[in-house]
>>> print(open('entry21.pdb').read())   # PDB, C-alpha atoms, pLDDT in the B column
ATOM      1  CA  GLN V   1      -7.371  14.433  11.422  1.00 87.00           C
ATOM      2  CA  VAL V   2      -6.284  12.018   8.705  1.00 89.00           C
ATOM      3  CA  GLN V   3      -7.299   8.423   9.284  1.00 93.00           C
ATOM      4  CA  LEU V   4      -6.453   5.407   7.150  1.00 96.00           C
ATOM      5  CA  VAL V   5      -8.112   2.033   7.583  1.00 96.00           C
ATOM      6  CA  GLU V   6      -6.787  -1.120   5.914  1.00 97.00           C
ATOM      7  CA  SER V   7      -8.840  -4.221   5.249  1.00 97.00           C
ATOM      8  CA  GLY V   8      -8.816  -7.342   3.109  1.00 98.00           C
ATOM      9  CA  GLY V   9      -6.049  -9.377   4.659  1.00 97.00           C
ATOM     10  CA  GLY V  10      -6.312 -13.066   5.398  1.00 97.00           C
ATOM     11  CA  LEU V  11      -4.878 -16.526   4.906  1.00 98.00           C
ATOM     12  CA  VAL V  12      -4.275 -17.655   1.345  1.00 98.00           C
ATOM     13  CA  GLN V  13      -2.396 -20.502  -0.282  1.00 98.00           C
ATOM     14  CA  PRO V  14       0.711 -19.860  -2.395  1.00 98.00           C
ATOM     15  CA  GLY V  15      -0.339 -18.732  -5.845  1.00 98.00           C
ATOM     16  CA  GLY V  16      -3.553 -17.251  -4.529  1.00 98.00           C
ATOM     17  CA  SER V  17      -4.831 -13.679  -4.522  1.00 98.00           C
ATOM     18  CA  LEU V  18      -5.968 -11.048  -2.060  1.00 98.00           C
ATOM     19  CA  ARG V  19      -7.206  -7.504  -2.496  1.00 98.00           C
ATOM     20  CA  LEU V  20      -6.329  -5.026   0.208  1.00 98.00           C
ATOM     21  CA  SER V  21      -8.216  -1.763   0.680  1.00 98.00           C
ATOM     22  CA  CYS V  22      -7.062   1.489   2.237  1.00 97.00           C
ATOM     23  CA  ALA V  23      -9.910   3.881   3.038  1.00 96.00           C
ATOM     24  CA  ALA V  24      -8.872   7.444   3.793  1.00 93.00           C
ATOM     25  CA  SER V  25     -10.797  10.074   5.722  1.00 89.00           C
ATOM     26  CA  GLY V  26     -10.014  13.532   7.002  1.00 87.00           C
ATOM     27  CA  ILE V  27      -7.730  14.407   4.081  1.00 83.00           C
ATOM     28  CA  THR V  28      -8.319  18.036   3.207  1.00 80.00           C
ATOM     29  CA  THR V  29      -6.244  18.287   0.043  1.00 79.00           C
ATOM     30  CA  ASP V  30      -7.651  17.349  -3.350  1.00 80.00           C
ATOM     31  CA  TYR V  31      -4.756  15.042  -4.118  1.00 88.00           C
ATOM     32  CA  TYR V  32      -2.288  13.002  -2.121  1.00 90.00           C
ATOM     33  CA  ALA V  33      -0.109   9.927  -2.371  1.00 95.00           C
ATOM     34  CA  ILE V  34      -0.843   6.585  -0.731  1.00 96.00           C
ATOM     35  CA  GLY V  35       1.809   4.013  -0.048  1.00 97.00           C
ATOM     36  CA  TRP V  36       1.516   0.369   0.902  1.00 98.00           C
ATOM     37  CA  PHE V  37       4.120  -1.062   3.232  1.00 98.00           C
ATOM     38  CA  ARG V  38       4.644  -4.383   4.972  1.00 98.00           C
ATOM     39  CA  GLN V  39       6.442  -5.717   7.981  1.00 98.00           C
ATOM     40  CA  ALA V  40       7.243  -9.365   8.519  1.00 97.00           C
ATOM     41  CA  PRO V  41       8.138 -10.722  11.973  1.00 93.00           C
ATOM     42  CA  GLY V  42      11.660  -9.760  12.909  1.00 95.00           C
ATOM     43  CA  LYS V  43      12.143  -7.609   9.832  1.00 96.00           C
ATOM     44  CA  GLU V  44      12.145  -3.927   9.059  1.00 96.00           C
ATOM     45  CA  ARG V  45       9.073  -2.303   7.560  1.00 96.00           C
ATOM     46  CA  GLU V  46       9.501  -2.005   3.800  1.00 97.00           C
ATOM     47  CA  GLY V  47       7.732  -0.226   1.000  1.00 97.00           C
ATOM     48  CA  VAL V  48       5.671  -2.264  -1.452  1.00 98.00           C
ATOM     49  CA  SER V  49       3.922   0.175  -3.767  1.00 98.00           C
ATOM     50  CA  CYS V  50       2.577   3.707  -3.979  1.00 98.00           C
ATOM     51  CA  ILE V  51       0.238   5.760  -6.102  1.00 96.00           C
ATOM     52  CA  SER V  52      -0.352   9.445  -6.706  1.00 93.00           C
ATOM     53  CA  THR V  53      -4.060  10.184  -6.721  1.00 89.00           C
ATOM     54  CA  SER V  54      -3.480  13.241  -8.943  1.00 88.00           C
ATOM     55  CA  ASP V  55      -2.195  11.480 -12.043  1.00 87.00           C
ATOM     56  CA  GLY V  56      -2.319   7.807 -11.090  1.00 89.00           C
ATOM     57  CA  SER V  57       1.432   7.359 -11.357  1.00 93.00           C
ATOM     58  CA  THR V  58       2.634   4.289  -9.517  1.00 96.00           C
ATOM     59  CA  TYR V  59       5.751   2.695  -8.118  1.00 97.00           C
ATOM     60  CA  TYR V  60       6.425  -0.930  -7.151  1.00 97.00           C
ATOM     61  CA  LYS V  61       9.033  -2.799  -5.206  1.00 96.00           C
ATOM     62  CA  ASP V  62      10.947  -5.010  -7.640  1.00 97.00           C
ATOM     63  CA  SER V  63       9.876  -8.254  -6.013  1.00 97.00           C
ATOM     64  CA  VAL V  64       6.163  -7.510  -6.496  1.00 98.00           C
ATOM     65  CA  LYS V  65       6.260  -6.125 -10.031  1.00 97.00           C
ATOM     66  CA  GLY V  66       3.973  -8.119 -12.292  1.00 97.00           C
ATOM     67  CA  ARG V  67       2.150  -9.639  -9.303  1.00 98.00           C
ATOM     68  CA  PHE V  68       0.727  -6.652  -7.412  1.00 98.00           C
ATOM     69  CA  THR V  69      -1.378  -3.835  -8.830  1.00 98.00           C
ATOM     70  CA  ILE V  70      -2.210  -0.605  -7.030  1.00 97.00           C
ATOM     71  CA  SER V  71      -5.236   1.451  -8.021  1.00 96.00           C
ATOM     72  CA  ARG V  72      -7.411   4.218  -6.647  1.00 93.00           C
ATOM     73  CA  ASP V  73     -10.926   5.640  -6.658  1.00 92.00           C
ATOM     74  CA  ASN V  74     -10.640   9.336  -5.871  1.00 89.00           C
ATOM     75  CA  ALA V  75     -14.392   9.725  -5.342  1.00 90.00           C
ATOM     76  CA  LYS V  76     -14.305   7.068  -2.624  1.00 91.00           C
ATOM     77  CA  ASN V  77     -10.920   8.112  -1.195  1.00 92.00           C
ATOM     78  CA  THR V  78      -9.911   4.478  -1.448  1.00 94.00           C
ATOM     79  CA  VAL V  79      -6.765   2.788  -2.720  1.00 96.00           C
ATOM     80  CA  TRP V  80      -6.555  -0.923  -3.434  1.00 97.00           C
ATOM     81  CA  LEU V  81      -3.640  -3.306  -3.642  1.00 98.00           C
ATOM     82  CA  GLN V  82      -4.466  -6.334  -5.762  1.00 98.00           C
ATOM     83  CA  MET V  83      -2.034  -9.091  -4.892  1.00 98.00           C
ATOM     84  CA  ASP V  84      -1.812 -12.066  -7.238  1.00 98.00           C
ATOM     85  CA  MET V  85       0.539 -15.046  -7.400  1.00 98.00           C
ATOM     86  CA  LEU V  86       1.219 -14.655  -3.704  1.00 98.00           C
ATOM     87  CA  LYS V  87       4.306 -16.260  -2.208  1.00 98.00           C
ATOM     88  CA  PRO V  88       5.094 -17.280   1.365  1.00 97.00           C
ATOM     89  CA  GLU V  89       7.614 -14.431   1.511  1.00 97.00           C
ATOM     90  CA  ASP V  90       4.740 -11.984   1.046  1.00 98.00           C
ATOM     91  CA  THR V  91       3.525 -12.891   4.523  1.00 98.00           C
ATOM     92  CA  ALA V  92       3.488  -9.745   6.651  1.00 98.00           C
ATOM     93  CA  VAL V  93       1.310  -7.101   8.222  1.00 98.00           C
ATOM     94  CA  TYR V  94       0.429  -4.655   5.473  1.00 98.00           C
ATOM     95  CA  TYR V  95       0.006  -0.962   6.232  1.00 98.00           C
ATOM     96  CA  CYS V  96      -1.023   2.039   4.200  1.00 97.00           C
ATOM     97  CA  ALA V  97       0.069   5.612   4.814  1.00 97.00           C
ATOM     98  CA  THR V  98      -0.338   8.950   3.093  1.00 96.00           C
ATOM     99  CA  ALA V  99       2.140  11.522   1.834  1.00 94.00           C
ATOM    100  CA  ARG V 100       2.258  14.757  -0.128  1.00 92.00           C
ATOM    101  CA  PRO V 101       0.801  14.467  -3.659  1.00 89.00           C
ATOM    102  CA  TRP V 102       4.195  14.432  -5.379  1.00 90.00           C
ATOM    103  CA  HIS V 103       5.905  12.135  -2.909  1.00 92.00           C
ATOM    104  CA  CYS V 104       5.318   8.847  -4.726  1.00 94.00           C
ATOM    105  CA  SER V 105       6.491  10.216  -8.062  1.00 91.00           C
ATOM    106  CA  LYS V 106       9.583  11.787  -6.568  1.00 90.00           C
ATOM    107  CA  TYR V 107      10.581   9.433  -3.776  1.00 91.00           C
ATOM    108  CA  GLY V 108       8.679   6.228  -4.408  1.00 91.00           C
ATOM    109  CA  ILE V 109       8.226   3.996  -1.383  1.00 93.00           C
ATOM    110  CA  ALA V 110      10.906   5.348   0.918  1.00 90.00           C
ATOM    111  CA  LEU V 111       9.276   5.367   4.365  1.00 90.00           C
ATOM    112  CA  SER V 112      10.363   8.889   5.211  1.00 92.00           C
ATOM    113  CA  GLY V 113       7.643  11.322   4.248  1.00 92.00           C
ATOM    114  CA  TYR V 114       4.707   9.012   4.808  1.00 95.00           C
ATOM    115  CA  TYR V 115       2.448   9.657   7.768  1.00 92.00           C
ATOM    116  CA  SER V 116      -0.926   8.826   9.294  1.00 93.00           C
ATOM    117  CA  TRP V 117      -0.302   5.107   9.249  1.00 94.00           C
ATOM    118  CA  GLY V 118      -3.220   2.697   9.420  1.00 93.00           C
ATOM    119  CA  GLN V 119      -3.473  -0.119  11.937  1.00 95.00           C
ATOM    120  CA  GLY V 120      -2.421  -2.777   9.453  1.00 97.00           C
ATOM    121  CA  THR V 121      -3.956  -5.958   8.078  1.00 98.00           C
ATOM    122  CA  GLN V 122      -2.366  -9.396   8.331  1.00 98.00           C
ATOM    123  CA  VAL V 123      -1.564 -11.304   5.139  1.00 98.00           C
ATOM    124  CA  THR V 124      -0.483 -14.908   5.559  1.00 98.00           C
ATOM    125  CA  VAL V 125       0.547 -17.009   2.577  1.00 98.00           C
ATOM    126  CA  SER V 126       0.818 -20.632   3.553  1.00 97.00           C
ATOM    127  CA  SER V 127      -0.263 -24.080   2.451  1.00 95.00           C
TER     128      SER V 127
END
>>> encode(input="entry21.pdb", output="structure tokens")
Amino acid sequence: QVQLVESGGGLVQPGGSLRLSCAASGITTDYYAIGWFRQAPGKEREGVSCISTSDGSTYYKDSVKGRFTISRDNAKNTVWLQMDMLKPEDTAVYYCATARPWHCSKYGIALSGYYSWGQGTQVTVSS
């Protein structure tokens, strides 16, 4: 059974940084895609970024390009989301989920196709 566990959220001032982790277990395939998503109160869940663990290809939501960086360590089955220059509008619960290896490259961060969602980690950007 695939299990994803997010960590690293917290309270940070605008302009600050956080590094989120997504640790995967129970994945039986050599390669897979991991997506990061977020959901703010009263809003729909939206895609933020994804990565293919096979070739490291990535995809970012326009509003986070240049501020967020996704990376992976295949040996540790862990994906990180480095978030810099955080803004109040980045405040949300952040989730990671997995998908087929080619899903990020082909479909990016569309929610459909991602599964085995983690429990989420709260990110609050406020002064």
>>> resolve_selection(input="entry21.pdb", expression="the PyMOL selection byres ((chain V and resi 58) around 12)", output="ChimeraX atom specification")
/V:33-36,48-57,59-61,65,68-72,79,81,101-109
>>> resolve_selection(input="entry21.pdb", expression="the PyMOL selection byres ((chain V and resi 46) around 10)", output="PDB file with C-alpha atoms, in the frame of the given file")
ATOM      1  CA  TRP V  36       1.516   0.369   0.902  1.00 98.00           C
ATOM      2  CA  PHE V  37       4.120  -1.062   3.232  1.00 98.00           C
ATOM      3  CA  ARG V  38       4.644  -4.383   4.972  1.00 98.00           C
ATOM      4  CA  GLN V  39       6.442  -5.717   7.981  1.00 98.00           C
ATOM      5  CA  ALA V  40       7.243  -9.365   8.519  1.00 97.00           C
ATOM      6  CA  LYS V  43      12.143  -7.609   9.832  1.00 96.00           C
ATOM      7  CA  GLU V  44      12.145  -3.927   9.059  1.00 96.00           C
ATOM      8  CA  ARG V  45       9.073  -2.303   7.560  1.00 96.00           C
ATOM      9  CA  GLY V  47       7.732  -0.226   1.000  1.00 97.00           C
ATOM     10  CA  VAL V  48       5.671  -2.264  -1.452  1.00 98.00           C
ATOM     11  CA  SER V  49       3.922   0.175  -3.767  1.00 98.00           C
ATOM     12  CA  LYS V  61       9.033  -2.799  -5.206  1.00 96.00           C
ATOM     13  CA  TYR V  94       0.429  -4.655   5.473  1.00 98.00           C
ATOM     14  CA  TYR V  95       0.006  -0.962   6.232  1.00 98.00           C
ATOM     15  CA  ILE V 109       8.226   3.996  -1.383  1.00 93.00           C
ATOM     16  CA  ALA V 110      10.906   5.348   0.918  1.00 90.00           C
ATOM     17  CA  LEU V 111       9.276   5.367   4.365  1.00 90.00           C
TER      18      LEU V 111
END
>>> closest_residue(input="entry21.pdb", among="V:Ser112, V:Gln82, V:Thr121, V:Gln1", to="Gly16 of chain V", atoms="only C-alpha atoms")
V:Gln82
>>> residues_near_point(input="entry21.pdb", point="(-8.5, 13.3, 1.3)", cutoff="12 Å", atoms="only C-alpha atoms", output="ChimeraX atom specification")
/V:1-4,22-34,53-54,73-79,98-101,116
>>> atom_distance(input="entry21.pdb", atom1="atom CA of Gly120 of chain V", atom2="atom CA of Lys87 of chain V")
19.1 Å
>>> atom_distance(input="entry21.pdb", atom1="atom CA of Ala92 of chain V", atom2="atom CA of Pro41 of chain V")
7.1 Å
>>> atom_distance(input="entry21.pdb", atom1="atom CA of Ser127 of chain V", atom2="atom CA of Gln13 of chain V")
5.0 Å
>>> residues_around(input="entry21.pdb", residues="Gly8 of chain V", least_positions_apart="4", cutoff="8 Å", atoms="only C-alpha atoms", output="PDB file with C-alpha atoms, in the coordinates of the input")
ATOM      1  CA  LEU V  18      -5.968 -11.048  -2.060  1.00 98.00           C
ATOM      2  CA  ARG V  19      -7.206  -7.504  -2.496  1.00 98.00           C
ATOM      3  CA  LEU V  20      -6.329  -5.026   0.208  1.00 98.00           C
ATOM      4  CA  SER V  21      -8.216  -1.763   0.680  1.00 98.00           C
ATOM      5  CA  THR V 121      -3.956  -5.958   8.078  1.00 98.00           C
TER       6      THR V 121
END
>>> closest_residue(input="entry21.pdb", among="V:Val93, V:Leu86, V:Val64, V:Val123", to="Pro14 of chain V", atoms="only C-alpha atoms")
V:Leu86
>>> closest_residue(input="entry21.pdb", among="V:Val125, V:Arg67, V:Glu6, V:Gly113", to="Cys96 of chain V", atoms="all atoms listed in the file")
V:Glu6
>>> decode(input="entry21.pdb", residues="segment 76-87 of chain V", atoms="all heavy atoms", output="PDB file, in the first residue's frame")
ATOM      1  N   LYS V  76      16.163   7.686  -1.357  1.00  0.00           N
ATOM      2  CA  LYS V  76      15.410   7.884  -0.111  1.00  0.00           C
ATOM      3  C   LYS V  76      13.903   7.922  -0.347  1.00  0.00           C
ATOM      4  O   LYS V  76      13.136   8.119   0.595  1.00  0.00           O
ATOM      5  CB  LYS V  76      15.856   9.185   0.562  1.00  0.00           C
ATOM      6  CG  LYS V  76      17.296   9.188   1.022  1.00  0.00           C
ATOM      7  CD  LYS V  76      17.651  10.498   1.712  1.00  0.00           C
ATOM      8  CE  LYS V  76      19.093  10.484   2.203  1.00  0.00           C
ATOM      9  NZ  LYS V  76      19.463  11.756   2.873  1.00  0.00           N
ATOM     10  N   ASN V  77      13.492   7.792  -1.623  1.00  0.00           N
ATOM     11  CA  ASN V  77      12.064   7.898  -1.955  1.00  0.00           C
ATOM     12  C   ASN V  77      11.448   9.162  -1.361  1.00  0.00           C
ATOM     13  O   ASN V  77      10.355   9.130  -0.779  1.00  0.00           O
ATOM     14  CB  ASN V  77      11.292   6.668  -1.478  1.00  0.00           C
ATOM     15  CG  ASN V  77      11.426   5.493  -2.431  1.00  0.00           C
ATOM     16  OD1 ASN V  77      11.825   5.656  -3.584  1.00  0.00           O
ATOM     17  ND2 ASN V  77      11.126   4.314  -1.947  1.00  0.00           N
ATOM     18  N   THR V  78      12.170  10.248  -1.499  1.00  0.00           N
ATOM     19  CA  THR V  78      11.732  11.520  -0.924  1.00  0.00           C
ATOM     20  C   THR V  78      11.776  12.613  -1.985  1.00  0.00           C
ATOM     21  O   THR V  78      12.706  12.667  -2.798  1.00  0.00           O
ATOM     22  CB  THR V  78      12.620  11.913   0.266  1.00  0.00           C
ATOM     23  OG1 THR V  78      12.526  10.892   1.270  1.00  0.00           O
ATOM     24  CG2 THR V  78      12.166  13.236   0.862  1.00  0.00           C
ATOM     25  N   VAL V  79      10.762  13.454  -1.948  1.00  0.00           N
ATOM     26  CA  VAL V  79      10.680  14.626  -2.826  1.00  0.00           C
ATOM     27  C   VAL V  79      10.544  15.846  -1.934  1.00  0.00           C
ATOM     28  O   VAL V  79       9.800  15.828  -0.947  1.00  0.00           O
ATOM     29  CB  VAL V  79       9.492  14.507  -3.792  1.00  0.00           C
ATOM     30  CG1 VAL V  79       9.246  15.816  -4.529  1.00  0.00           C
ATOM     31  CG2 VAL V  79       9.745  13.378  -4.793  1.00  0.00           C
ATOM     32  N   TRP V  80      11.277  16.894  -2.283  1.00  0.00           N
ATOM     33  CA  TRP V  80      11.224  18.135  -1.517  1.00  0.00           C
ATOM     34  C   TRP V  80      10.618  19.261  -2.354  1.00  0.00           C
ATOM     35  O   TRP V  80      10.729  19.261  -3.591  1.00  0.00           O
ATOM     36  CB  TRP V  80      12.628  18.560  -1.083  1.00  0.00           C
ATOM     37  CG  TRP V  80      13.255  17.644  -0.112  1.00  0.00           C
ATOM     38  CD1 TRP V  80      13.087  17.621   1.241  1.00  0.00           C
ATOM     39  CD2 TRP V  80      14.189  16.597  -0.412  1.00  0.00           C
ATOM     40  NE1 TRP V  80      13.849  16.616   1.792  1.00  0.00           N
ATOM     41  CE2 TRP V  80      14.534  15.974   0.808  1.00  0.00           C
ATOM     42  CE3 TRP V  80      14.764  16.127  -1.585  1.00  0.00           C
ATOM     43  CZ2 TRP V  80      15.420  14.913   0.887  1.00  0.00           C
ATOM     44  CZ3 TRP V  80      15.643  15.068  -1.517  1.00  0.00           C
ATOM     45  CH2 TRP V  80      15.958  14.469  -0.287  1.00  0.00           C
ATOM     46  N   LEU V  81      10.013  20.197  -1.673  1.00  0.00           N
ATOM     47  CA  LEU V  81       9.553  21.424  -2.301  1.00  0.00           C
ATOM     48  C   LEU V  81      10.160  22.583  -1.521  1.00  0.00           C
ATOM     49  O   LEU V  81       9.740  22.869  -0.402  1.00  0.00           O
ATOM     50  CB  LEU V  81       8.024  21.520  -2.306  1.00  0.00           C
ATOM     51  CG  LEU V  81       7.453  22.714  -3.054  1.00  0.00           C
ATOM     52  CD1 LEU V  81       7.732  22.582  -4.564  1.00  0.00           C
ATOM     53  CD2 LEU V  81       5.952  22.865  -2.809  1.00  0.00           C
ATOM     54  N   GLN V  82      11.184  23.194  -2.099  1.00  0.00           N
ATOM     55  CA  GLN V  82      11.810  24.357  -1.498  1.00  0.00           C
ATOM     56  C   GLN V  82      11.010  25.580  -1.901  1.00  0.00           C
ATOM     57  O   GLN V  82      10.857  25.847  -3.099  1.00  0.00           O
ATOM     58  CB  GLN V  82      13.264  24.496  -1.968  1.00  0.00           C
ATOM     59  CG  GLN V  82      13.970  25.726  -1.460  1.00  0.00           C
ATOM     60  CD  GLN V  82      14.209  25.696   0.037  1.00  0.00           C
ATOM     61  OE1 GLN V  82      14.524  24.651   0.602  1.00  0.00           O
ATOM     62  NE2 GLN V  82      14.045  26.837   0.692  1.00  0.00           N
ATOM     63  N   MET V  83      10.513  26.293  -0.902  1.00  0.00           N
ATOM     64  CA  MET V  83       9.662  27.447  -1.156  1.00  0.00           C
ATOM     65  C   MET V  83      10.354  28.693  -0.632  1.00  0.00           C
ATOM     66  O   MET V  83      10.574  28.824   0.572  1.00  0.00           O
ATOM     67  CB  MET V  83       8.300  27.259  -0.487  1.00  0.00           C
ATOM     68  CG  MET V  83       7.612  25.961  -0.871  1.00  0.00           C
ATOM     69  SD  MET V  83       5.926  25.840  -0.256  1.00  0.00           S
ATOM     70  CE  MET V  83       6.206  25.867   1.512  1.00  0.00           C
ATOM     71  N   ASP V  84      10.727  29.565  -1.531  1.00  0.00           N
ATOM     72  CA  ASP V  84      11.394  30.824  -1.179  1.00  0.00           C
ATOM     73  C   ASP V  84      10.497  32.001  -1.540  1.00  0.00           C
ATOM     74  O   ASP V  84       9.551  31.861  -2.315  1.00  0.00           O
ATOM     75  CB  ASP V  84      12.727  30.929  -1.916  1.00  0.00           C
ATOM     76  CG  ASP V  84      13.685  29.810  -1.554  1.00  0.00           C
ATOM     77  OD1 ASP V  84      13.796  29.482  -0.358  1.00  0.00           O
ATOM     78  OD2 ASP V  84      14.326  29.266  -2.474  1.00  0.00           O
ATOM     79  N   MET V  85      10.843  33.155  -1.001  1.00  0.00           N
ATOM     80  CA  MET V  85      10.084  34.388  -1.278  1.00  0.00           C
ATOM     81  C   MET V  85       8.589  34.158  -1.099  1.00  0.00           C
ATOM     82  O   MET V  85       7.772  34.518  -1.951  1.00  0.00           O
ATOM     83  CB  MET V  85      10.395  34.881  -2.691  1.00  0.00           C
ATOM     84  CG  MET V  85      11.843  35.292  -2.872  1.00  0.00           C
ATOM     85  SD  MET V  85      12.191  35.880  -4.538  1.00  0.00           S
ATOM     86  CE  MET V  85      12.216  34.332  -5.436  1.00  0.00           C
ATOM     87  N   LEU V  86       8.237  33.545   0.012  1.00  0.00           N
ATOM     88  CA  LEU V  86       6.845  33.193   0.256  1.00  0.00           C
ATOM     89  C   LEU V  86       5.963  34.425   0.399  1.00  0.00           C
ATOM     90  O   LEU V  86       6.401  35.473   0.914  1.00  0.00           O
ATOM     91  CB  LEU V  86       6.736  32.307   1.497  1.00  0.00           C
ATOM     92  CG  LEU V  86       7.128  30.843   1.263  1.00  0.00           C
ATOM     93  CD1 LEU V  86       7.440  30.139   2.580  1.00  0.00           C
ATOM     94  CD2 LEU V  86       6.037  30.117   0.512  1.00  0.00           C
ATOM     95  N   LYS V  87       4.735  34.280  -0.060  1.00  0.00           N
ATOM     96  CA  LYS V  87       3.749  35.357  -0.031  1.00  0.00           C
ATOM     97  C   LYS V  87       2.542  34.907   0.779  1.00  0.00           C
ATOM     98  O   LYS V  87       2.281  33.708   0.891  1.00  0.00           O
ATOM     99  CB  LYS V  87       3.307  35.683  -1.450  1.00  0.00           C
ATOM    100  CG  LYS V  87       4.433  36.059  -2.399  1.00  0.00           C
ATOM    101  CD  LYS V  87       3.906  36.268  -3.808  1.00  0.00           C
ATOM    102  CE  LYS V  87       5.014  36.633  -4.775  1.00  0.00           C
ATOM    103  NZ  LYS V  87       4.498  36.847  -6.161  1.00  0.00           N
TER     104      LYS V  87
END
